[in-house]
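Okay, so here's the structure we're looking at.
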Amino acid sequence: MSAAFVESIIRLWTGLYTKGLPPELGAERRAEVESDLWEDGSLWRERGLSSLTMQRLGRWLLGIPADLSWRLEQIGSRKERPQETQHKLERTIKMPTTLAQRGMLGFVVLLAGFFIVMGPVSFLFAGSEDWQPTTFERAFFGIVPIVAGSMILTGLYVIPISSPWRRSPIGRGAIVMALLRV
Amino acid sequence: MHATMRRKPGILFPIELSLLEAAIDLRLRGTAEFYGFMIATEVSEREGARLLTAYGTLYKALSRMEKAGLVESRWEDPLVAASEGRPRRRLYCVTAVGQAALAKSAEKERGRKASLESRPALS
């Protein structure tokens, strides 16, 4: 996994969690992350260090909960925004009403978060005495859980409720999780 | 499920404290304005951390601090960025409110330490 690959994942993720927010707000966050990526790339190239990939991966993964809660905060403060934007945001997420539904949602979010964090770990440590994975297999077992977890979170928090695409990422992410049996 | 953190008046979150301390330190060294990556680097150097503050954590904290009036921001002149061949930076500076909040927090910490030291030691 190269630093450029991680950089494109971070760009994709930033685009996803800022989708559906007021255009100016989303554009500002994307511009800040873009500037940060440029600055760190520039500094690391200057110093000739090699751990840029891990630095970026770590900063991205550890910041995912804050990204999601920031997005929720923007939705939560919708009362301060014009009516048109409110309507758009309300279609993006539907809060569960009963305790059981909230518990279920919390469990799914935690599970998805677990997959996202465990992806890089399994990427590094996959294998046993009977089976020594190839680099491709290691990458597969590392990236698939991240993708599955991200699909579920994207389905829950990014895609508007009315969209026909909403159920697809949640369902596919859940199937991948079940197949991996973690 | 509201993820909004409720702030007690006059209380700074640890990340806010770190960012304010680093920003004031930068100001004392002649850099009045800072941008995301610069402050992340400064915080990691001060705290001896190998990993810089995560993107999400950093920009969420800065956004919350701006809403609370602890810092204010402006976008850099695009011509300056273009002349250096890089994306525009969002430049932040600590406000008087931010400075006061940091001073109050430091005072509280001193008071807490003093009360701990004045307690009779358990034998």
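For the structure tokens, the naming scheme is as follows: chains receive sequential letters (A, B, ...) according to their order of presentation, residues are indexed from 1 within each chain, and ligands are indexed from 1 in presentation order.
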
Give me the residues of chain A that have any atom at most 8 Å from an atom of chain B; for each, the nearest atom pair and the distance in Å, rounded to one decimal. Use only C-alpha atoms, sort by chain and number, and format it as a Markdown table.
| residue | atom | partner | partner_atom | distance |
| --- | --- | --- | --- | --- |
| A:Arg29 | CA | B:Tyr59 | CA | 7.8 |
| A:Ala31 | CA | B:Arg88 | CA | 7.5 |
| A:Glu32 | CA | B:Arg90 | CA | 6.6 |
| A:Val33 | CA | B:Tyr55 | CA | 7.1 |
| A:Glu34 | CA | B:Pro87 | CA | 7.1 |
| A:Ser35 | CA | B:Pro87 | CA | 5.3 |
| A:Asp36 | CA | B:Phe37 | CA | 5.3 |
| A:Trp38 | CA | B:Arg86 | CA | 7.1 |
| A:Glu39 | CA | B:Phe37 | CA | 6.6 |
| A:Asp40 | CA | B:Phe37 | CA | 7.1 |
| A:Gln55 | CA | B:Leu51 | CA | 6.2 |
| A:Gly58 | CA | B:Ala54 | CA | 7.2 |
| A:Arg59 | CA | B:Ala54 | CA | 3.9 |
| A:Trp60 | CA | B:Tyr55 | CA | 6.0 |
| A:Leu61 | CA | B:Ala54 | CA | 7.7 |
| A:Leu62 | CA | B:Ala54 | CA | 5.7 |
| A:Gly63 | CA | B:Gly56 | CA | 4.0 |
| A:Ile64 | CA | B:Gly56 | CA | 6.1 |
| A:Pro65 | CA | B:Gly56 | CA | 7.5 |
| A:Ala66 | CA | B:Gly56 | CA | 5.0 |
| A:Asp67 | CA | B:Gly56 | CA | 4.8 |
| A:Ser69 | CA | B:Ala3 | CA | 5.4 |
| A:Trp70 | CA | B:Lys60 | CA | 6.0 |
| A:Leu72 | CA | B:Ala3 | CA | 6.5 |
| A:Glu73 | CA | B:Thr4 | CA | 5.5 |
| A:Gly76 | CA | B:His2 | CA | 7.3 |
| A:Met95 | CA | B:Met1 | CA | 7.0 |
| A:Arg102 | CA | B:Met1 | CA | 7.4 |

Legend entry - Given only C-alpha atoms as the counted atoms, nearest of B:Ala32, B:Lys108, B:Met65, B:Leu19 to B:Ser44: B:Leu19

Legend entry - Within 9 Å of A:Glu7 using only C-alpha atoms, minus same-chain residues under 6 positions, as an MDAnalysis selection string: chainID A and resid 37 53 56:57

Legend entry - Test item: residues at most 9 Å from A:Val147, only C-alpha atoms, excluding those fewer than 2 positions along its chain, as a PyMOL selection string: chain A and resi 115-116+119+143-145+149-152+173

Can I get the selected residues back with C-alpha atoms, as a PDB file, in the first residue's frame?
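And here is the file that came out, result_10.pdb:
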ATOM      1  CA  PHE A 115     -13.768  -3.903  10.883  1.00  0.00           C
ATOM      2  CA  ILE A 116     -12.196  -0.627   9.792  1.00  0.00           C
ATOM      3  CA  GLY A 119      -8.377  -4.267   8.535  1.00  0.00           C
ATOM      4  CA  ILE A 143      -8.577  -4.075   2.715  1.00  0.00           C
ATOM      5  CA  VAL A 144     -11.834  -6.058   2.501  1.00  0.00           C
ATOM      6  CA  PRO A 145     -12.825  -5.451   6.172  1.00  0.00           C
ATOM      7  CA  GLY A 149     -17.072  -1.339   7.404  1.00  0.00           C
ATOM      8  CA  SER A 150     -16.880   1.835   5.342  1.00  0.00           C
ATOM      9  CA  MET A 151     -19.750   0.670   3.104  1.00  0.00           C
ATOM     10  CA  ILE A 152     -21.992   0.191   6.111  1.00  0.00           C
ATOM     11  CA  GLY A 173     -21.115  -4.661   3.717  1.00  0.00           C
TER      12      GLY A 173
END

Inset, instruction - Can you check which residues of chain B DSSP gives as strand (DSSP E) on the backbone and send them as a VMD selection string? - result: chain B and resid 71 to 75 90 to 94

Written selection (C-alpha atoms) as a PDB file, in the first residue's frame:
ATOM      1  CA  VAL B  71      -9.784  30.848  17.569  1.00  0.00           C
ATOM      2  CA  GLU B  72     -10.704  32.641  14.360  1.00  0.00           C
ATOM      3  CA  SER B  73      -9.783  31.734  10.822  1.00  0.00           C
ATOM      4  CA  ARG B  74      -9.384  33.147   7.333  1.00  0.00           C
ATOM      5  CA  TRP B  75      -8.481  31.592   4.022  1.00  0.00           C
ATOM      6  CA  ARG B  90      -6.793  27.990   6.274  1.00  0.00           C
ATOM      7  CA  LEU B  91      -5.023  30.265   8.719  1.00  0.00           C
ATOM      8  CA  TYR B  92      -6.085  30.325  12.362  1.00  0.00           C
ATOM      9  CA  CYS B  93      -5.146  32.617  15.217  1.00  0.00           C
ATOM     10  CA  VAL B  94      -5.948  32.466  18.910  1.00  0.00           C
TER      11      VAL B  94
END

Inset, instruction - Apply DSSP to the backbone of this structure and, from chain B, keep only the residues in alpha helix (DSSP H); write these as a ChimeraX atom specification. - result: /B:14-28,36-47,55-67,78-83,96-118

Inset, instruction - In Å, rounded to a single decimal, give me how far atom CA of A:Ile10 is from atom CA of A:Gly142. - result: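 Atom CA of A:Ile10 lies 16.4 Å from atom CA of A:Gly142.
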